[in-house]
file model-v6.pdb (PDB, C-alpha atoms)
ATOM      1  CA  MET M   1      29.168  -0.893  -2.626
ATOM      2  CA  VAL M   2      25.553  -0.126  -1.785
ATOM      3  CA  ASN M   3      23.114   0.455  -4.632
ATOM      4  CA  ASN M   4      21.189   3.366  -3.093
ATOM      5  CA  LYS M   5      17.458   3.267  -3.757
ATOM      6  CA  THR M   6      15.754   6.546  -4.592
ATOM      7  CA  TYR M   7      12.241   7.751  -3.875
ATOM      8  CA  ASN M   8      11.339   6.871  -7.482
ATOM      9  CA  ASN M   9      12.703   3.327  -7.052
ATOM     10  CA  VAL M  10      10.632   2.767  -3.901
ATOM     11  CA  VAL M  11       7.398   4.272  -5.250
ATOM     12  CA  ASN M  12       7.724   2.424  -8.558
ATOM     13  CA  THR M  13       8.286  -0.844  -6.665
ATOM     14  CA  LEU M  14       5.150  -0.295  -4.564
ATOM     15  CA  VAL M  15       3.160   0.546  -7.701
ATOM     16  CA  ARG M  16       4.469  -2.587  -9.435
ATOM     17  CA  MET M  17       3.559  -4.724  -6.411
ATOM     18  CA  ALA M  18       0.012  -3.340  -6.528
ATOM     19  CA  ASP M  19      -0.232  -3.673 -10.322
ATOM     20  CA  ASN M  20       0.784  -7.336 -10.063
ATOM     21  CA  HIS M  21      -1.835  -8.133  -7.403
ATOM     22  CA  TYR M  22      -4.750  -9.804  -9.154
ATOM     23  CA  GLN M  23      -7.422  -8.161  -6.987
ATOM     24  CA  ILE M  24      -6.281  -4.532  -7.394
ATOM     25  CA  SER M  25      -7.729  -2.742 -10.434
ATOM     26  CA  THR M  26      -6.392   0.810  -9.951
ATOM     27  CA  VAL M  27      -3.212   2.164  -8.348
ATOM     28  CA  SER M  28      -2.596   5.840  -7.616
ATOM     29  CA  VAL M  29       0.104   7.854  -5.849
ATOM     30  CA  GLY M  30      -0.092  11.261  -4.181
ATOM     31  CA  ASP M  31      -1.916  13.199  -1.523
ATOM     32  CA  ILE M  32      -5.093  11.637  -0.146
ATOM     33  CA  TYR M  33      -7.046  14.391  -1.877
ATOM     34  CA  ASP M  34      -5.703  13.061  -5.194
ATOM     35  CA  ILE M  35      -7.482   9.712  -4.835
ATOM     36  CA  GLY M  36      -9.531   9.274  -7.995
ATOM     37  CA  LEU M  37     -13.032   8.335  -6.959
ATOM     38  CA  GLU M  38     -14.833   9.237 -10.152
ATOM     39  CA  LYS M  39     -17.553   6.931 -11.349
ATOM     40  CA  GLU M  40     -15.194   5.688 -14.102
ATOM     41  CA  THR M  41     -12.558   4.492 -11.611
ATOM     42  CA  LYS M  42     -12.146   0.725 -11.485
ATOM     43  CA  PHE M  43     -12.173  -0.775  -8.005
ATOM     44  CA  PRO M  44     -10.605  -2.124  -5.805
ATOM     45  CA  LEU M  45      -8.208   0.800  -5.609
ATOM     46  CA  LEU M  46      -4.859   1.035  -3.827
ATOM     47  CA  HIS M  47      -3.565   4.539  -3.137
ATOM     48  CA  ILE M  48      -0.009   5.297  -1.983
ATOM     49  CA  ASN M  49       0.329   8.502   0.059
ATOM     50  CA  PRO M  50       3.964   9.479   0.810
ATOM     51  CA  THR M  51       4.313  10.899   4.330
ATOM     52  CA  SER M  52       8.021  11.175   5.270
ATOM     53  CA  VAL M  53      11.533   9.754   5.015
ATOM     54  CA  THR M  54      13.579   8.817   8.093
ATOM     55  CA  THR M  55      17.360   8.457   7.971
ATOM     56  CA  GLY M  56      19.332   5.778   9.759
ATOM     57  CA  ASP M  57      23.083   5.242   9.985
ATOM     58  CA  SER M  58      23.166   3.406   6.659
ATOM     59  CA  SER M  59      19.536   3.333   5.614
ATOM     60  CA  LEU M  60      16.513   5.352   4.604
ATOM     61  CA  THR M  61      12.974   4.503   5.622
ATOM     62  CA  TYR M  62      10.362   5.787   3.184
ATOM     63  CA  ASN M  63       7.058   6.147   5.042
ATOM     64  CA  PHE M  64       3.697   5.848   3.327
ATOM     65  CA  GLN M  65       0.017   5.579   4.092
ATOM     66  CA  ILE M  66      -1.551   2.823   1.998
ATOM     67  CA  PHE M  67      -5.284   3.035   1.312
ATOM     68  CA  VAL M  68      -7.102  -0.020  -0.028
ATOM     69  CA  MET M  69     -10.747   0.531  -0.887
ATOM     70  CA  ASP M  70     -13.618  -0.765  -2.920
ATOM     71  CA  MET M  71     -17.094   0.397  -3.829
ATOM     72  CA  VAL M  72     -20.017  -0.757  -1.713
ATOM     73  CA  SER M  73     -22.989  -2.073  -3.674
ATOM     74  CA  GLU M  74     -26.322  -1.010  -2.257
ATOM     75  CA  LYS M  75     -29.260  -3.231  -3.096
ATOM     76  CA  SER M  76     -32.449  -3.812  -1.176
ATOM     77  CA  ASP M  77     -31.876  -7.581  -1.020
ATOM     78  CA  TRP M  78     -28.093  -7.933  -1.214
ATOM     79  CA  GLN M  79     -26.897 -11.123   0.404
ATOM     80  CA  ASN M  80     -24.225 -13.579  -0.612
ATOM     81  CA  GLU M  81     -24.519 -17.349  -0.398
ATOM     82  CA  GLN M  82     -22.349 -17.542   2.716
ATOM     83  CA  GLN M  83     -24.450 -14.992   4.587
ATOM     84  CA  SER M  84     -27.746 -16.663   3.706
ATOM     85  CA  SER M  85     -26.522 -19.925   5.266
ATOM     86  CA  LEU M  86     -25.541 -18.284   8.572
ATOM     87  CA  THR M  87     -27.779 -18.762  11.564
ATOM     88  CA  TYR M  88     -26.914 -15.223  12.682
ATOM     89  CA  ALA M  89     -27.627 -13.681   9.262
ATOM     90  CA  LYS M  90     -29.825 -11.053  10.904
ATOM     91  CA  LEU M  91     -26.658  -9.512  12.374
ATOM     92  CA  VAL M  92     -25.230  -8.986   8.897
ATOM     93  CA  ASN M  93     -26.330  -5.913   6.942
ATOM     94  CA  THR M  94     -28.162  -7.329   3.914
ATOM     95  CA  LYS M  95     -28.750  -3.903   2.352
ATOM     96  CA  ASN M  96     -25.201  -3.778   0.977
ATOM     97  CA  ASN M  97     -21.963  -5.742   0.696
ATOM     98  CA  GLU M  98     -19.939  -3.534   3.045
ATOM     99  CA  GLN M  99     -18.833  -6.424   5.254
ATOM    100  CA  GLU M 100     -17.591  -8.357   2.216
ATOM    101  CA  VAL M 101     -15.702  -5.259   0.974
ATOM    102  CA  PHE M 102     -14.043  -4.840   4.380
ATOM    103  CA  ASN M 103     -13.057  -8.515   4.313
ATOM    104  CA  GLN M 104     -11.592  -8.413   0.779
ATOM    105  CA  THR M 105      -9.714  -5.129   1.226
ATOM    106  CA  LEU M 106      -8.236  -6.266   4.559
ATOM    107  CA  GLU M 107      -6.880  -9.368   2.845
ATOM    108  CA  ILE M 108      -5.243  -7.145   0.211
ATOM    109  CA  CYS M 109      -3.634  -5.072   3.000
ATOM    110  CA  THR M 110      -2.164  -8.150   4.654
ATOM    111  CA  ASP M 111      -0.960  -9.415   1.256
ATOM    112  CA  PHE M 112       0.861  -6.131   0.684
ATOM    113  CA  ILE M 113       2.503  -6.200   4.126
ATOM    114  CA  GLY M 114       3.435  -9.856   3.652
ATOM    115  CA  MET M 115       5.091  -9.175   0.300
ATOM    116  CA  LEU M 116       7.404  -6.627   1.941
ATOM    117  CA  ARG M 117       7.982  -8.703   5.036
ATOM    118  CA  HIS M 118       8.542 -12.305   3.901
ATOM    119  CA  SER M 119       8.646 -12.576   0.171
ATOM    120  CA  GLU M 120      10.937 -13.078  -2.769
ATOM    121  CA  ARG M 121       9.122 -10.058  -4.230
ATOM    122  CA  GLN M 122      11.365  -7.867  -2.046
ATOM    123  CA  SER M 123      14.299  -8.487  -4.343
ATOM    124  CA  LEU M 124      15.261  -7.125  -7.718
ATOM    125  CA  GLU M 125      13.249  -8.419 -10.660
ATOM    126  CA  GLY M 126      14.956 -11.494 -12.041
ATOM    127  CA  VAL M 127      16.759 -12.254  -8.755
ATOM    128  CA  ASN M 128      13.711 -13.431  -6.747
ATOM    129  CA  ASP M 129      15.784 -14.396  -3.717
ATOM    130  CA  ILE M 130      14.303 -13.836  -0.257
ATOM    131  CA  ASN M 131      17.863 -13.790   1.147
ATOM    132  CA  HIS M 132      18.784 -10.693  -0.880
ATOM    133  CA  PRO M 133      16.018  -8.184  -0.139
ATOM    134  CA  LEU M 134      16.260  -4.657  -1.490
ATOM    135  CA  TYR M 135      12.998  -3.449   0.008
ATOM    136  CA  PHE M 136      11.592  -4.613   3.299
ATOM    137  CA  THR M 137       9.583  -3.522   6.295
ATOM    138  CA  GLU M 138       9.762  -4.133  10.028
ATOM    139  CA  GLY M 139       7.528  -3.955  13.042
ATOM    140  CA  GLN M 140       3.832  -4.308  13.647
ATOM    141  CA  PHE M 141       1.028  -2.583  11.778
ATOM    142  CA  THR M 142      -2.293  -1.093  12.732
ATOM    143  CA  ILE M 143      -4.777  -1.363   9.896
ATOM    144  CA  GLU M 144      -7.733   1.003  10.360
ATOM    145  CA  PRO M 145     -11.140   0.751   8.659
ATOM    146  CA  PHE M 146     -12.823   3.694   6.990
ATOM    147  CA  THR M 147     -16.067   4.408   5.168
ATOM    148  CA  GLU M 148     -16.451   7.411   2.888
ATOM    149  CA  ARG M 149     -19.248   8.714   0.733
ATOM    150  CA  PHE M 150     -17.931  10.533  -2.302
ATOM    151  CA  ASP M 151     -19.606  10.118  -5.678
ATOM    152  CA  ASN M 152     -19.582   6.451  -4.668
ATOM    153  CA  LEU M 153     -19.908   4.777  -1.292
ATOM    154  CA  CYS M 154     -16.453   3.319  -0.590
ATOM    155  CA  CYS M 155     -14.970   1.523   2.347
ATOM    156  CA  GLY M 156     -11.693  -0.164   3.077
ATOM    157  CA  TRP M 157      -8.598   0.035   5.215
ATOM    158  CA  VAL M 158      -5.605   2.322   5.657
ATOM    159  CA  PHE M 159      -2.249   1.576   7.244
ATOM    160  CA  SER M 160       1.134   3.228   7.579
ATOM    161  CA  ILE M 161       4.181   1.372   6.346
ATOM    162  CA  GLY M 162       7.876   2.141   6.309
ATOM    163  CA  VAL M 163       9.927   0.748   3.437
ATOM    164  CA  LEU M 164      13.515   0.291   4.583
ATOM    165  CA  VAL M 165      16.338   0.482   2.029
ATOM    166  CA  GLN M 166      20.108   0.667   2.337
ATOM    167  CA  ASN M 167      21.816   4.015   1.770
ATOM    168  CA  ASP M 168      25.524   4.695   2.238
ATOM    169  CA  PHE M 169      25.196   8.516   2.135
ATOM    170  CA  GLN M 170      28.047   8.653  -0.383
ATOM    171  CA  THR M 171      29.677  12.101  -0.427
ATOM    172  CA  CYS M 172      31.964  11.573  -3.427
ATOM    173  CA  THR M 173      29.215  12.165  -5.975
ATOM    174  CA  ILE M 174      27.401  15.160  -4.428
ATOM    175  CA  PRO M 175      27.063  17.862  -7.130
ATOM    176  CA  VAL M 176      28.983  20.639  -5.299
ATOM    177  CA  THR M 177      32.365  22.267  -5.740
ATOM    178  CA  LYS M 178      35.303  20.535  -4.058
ATOM    179  CA  ARG M 179      36.355  23.558  -1.991
ATOM    180  CA  GLY M 180      35.469  23.849   1.704
ATOM    181  CA  GLN M 181      32.036  25.137   2.597
ATOM    182  CA  GLY M 182      32.776  26.700   6.012
ATOM    183  CA  TYR M 183      33.037  30.421   6.747
TER
END
call {"tool": "encode", "arguments": {"input": "model-v6.pdb", "output": "structure tokens"}}
result
Amino acid sequence: MVNNKTYNNVVNTLVRMADNHYQISTVSVGDIYDIGLEKETKFPLLHINPTSVTTGDSSLTYNFQIFVMDMVSEKSDWQNEQQSSLTYAKLVNTKNNEQEVFNQTLEICTDFIGMLRHSERQSLEGVNDINHPLYFTEGQFTIEPFTERFDNLCCGWVFSIGVLVQNDFQTCTIPVTKRGQGY
């Protein structure tokens, strides 16, 4: 028997994955206009935007856009130790840490994809067996950069991901009367 995973199961798993990532400070779910970018928001932020669900013969694919972003610090002399040692440091914007934010948030994106693709974190808590995944993803991903000025200057990456789960489309437990439905 298949243990069908609901929308709540999938979203709560994604939220838990983000909560357990040491670099992510805030996790939110909803429309992209619901992203909390107030000055009190702790960054880096991961936002989960549900987009659609696709059915297969015995599966559901829950599709999401994942936004990973951080605040850009603007200082007149911002430069990290690595950049100051580079011979091409003049090519790097030293007025802010945007390049470093892009680097860090991209690494978080690839961590998130990796956890759904090749990790024991795909399985049920307590099982931790890569050979018994409950949630996984397939295919290749395009991760796109963005820069936005809201109350804060933020930049990061966004990608679309499909979370594939088994579903047996069981008809025995549908809450309808047992009589025929045809006219």
call {"tool": "resolve_selection", "arguments": {"input": "model-v6.pdb", "expression": "the PyMOL selection byres ((chain M and resi 47) around 8)", "output": "VMD selection string"}}
result
chain M and resid 27 to 30 32 35 45 to 46 48 to 49 66 to 68
call {"tool": "resolve_selection", "arguments": {"input": "model-v6.pdb", "expression": "the PyMOL selection byres ((chain M and resi 56) around 12)", "output": "PyMOL selection string"}}
result
chain M and resi 53-55+57-62+164-169
call {"tool": "residues_around", "arguments": {"input": "model-v6.pdb", "residues": "M:Asp70", "least_positions_apart": "2", "cutoff": "8 Å", "atoms": "all atoms listed in the file", "output": "count of residues only"}}
result
10
call {"tool": "atom_distance", "arguments": {"input": "model-v6.pdb", "atom1": "atom CA of M:Ser73", "atom2": "atom CA of M:Asn97"}}
result
5.8 Å
call {"tool": "closest_residue", "arguments": {"input": "model-v6.pdb", "among": "M:Glu40, M:Asp111, M:Asp34, M:Glu100", "to": "M:Ala18", "atoms": "all atoms listed in the file"}}
result
M:Asp111
call {"tool": "atom_distance", "arguments": {"input": "model-v6.pdb", "atom1": "atom CA of M:Thr110", "atom2": "atom CA of M:Val15"}}
result
16.0 Å
call {"tool": "closest_residue", "arguments": {"input": "model-v6.pdb", "among": "M:Met71, M:Glu38, M:Gln65, M:Thr177", "to": "M:Glu144", "atoms": "only C-alpha atoms"}}
result
M:Gln65
call {"tool": "closest_residue", "arguments": {"input": "model-v6.pdb", "among": "M:Ile174, M:Leu37, M:Val163, M:Met69", "to": "M:Phe102", "atoms": "all atoms listed in the file"}}
result
M:Met69
call {"tool": "closest_residue", "arguments": {"input": "model-v6.pdb", "among": "M:Phe159, M:Phe112, M:Tyr33, M:Tyr135", "to": "M:Tyr7", "atoms": "only C-alpha atoms"}}
result
M:Tyr135
call {"tool": "closest_residue", "arguments": {"input": "model-v6.pdb", "among": "M:Gly182, M:Gly114, M:Gln140, M:Thr147", "to": "M:Met17", "atoms": "all atoms listed in the file"}}
result
M:Gly114
call {"tool": "closest_residue", "arguments": {"input": "model-v6.pdb", "among": "M:Val11, M:Leu134, M:Leu153, M:Val176", "to": "M:Phe64", "atoms": "only C-alpha atoms"}}
result
M:Val11
call {"tool": "atom_distance", "arguments": {"input": "model-v6.pdb", "atom1": "atom CA of M:Gln23", "atom2": "atom CA of M:Pro145"}}
result
18.4 Å
call {"tool": "residues_around", "arguments": {"input": "model-v6.pdb", "residues": "M:Glu138", "least_positions_apart": "3", "cutoff": "10 Å", "atoms": "all atoms listed in the file", "output": "compact mmCIF listing (two decimals) with C-alpha atoms, in the coordinates of the input"}}
result
# COMPACT_ATOMS: atom_id res chain seq x y z
CA ILE M 113 2.50 -6.20 4.13
CA LEU M 116 7.40 -6.63 1.94
CA ARG M 117 7.98 -8.70 5.04
CA PHE M 141 1.03 -2.58 11.78
CA ILE M 161 4.18 1.37 6.35
CA GLY M 162 7.88 2.14 6.31
CA VAL M 163 9.93 0.75 3.44
CA LEU M 164 13.52 0.29 4.58
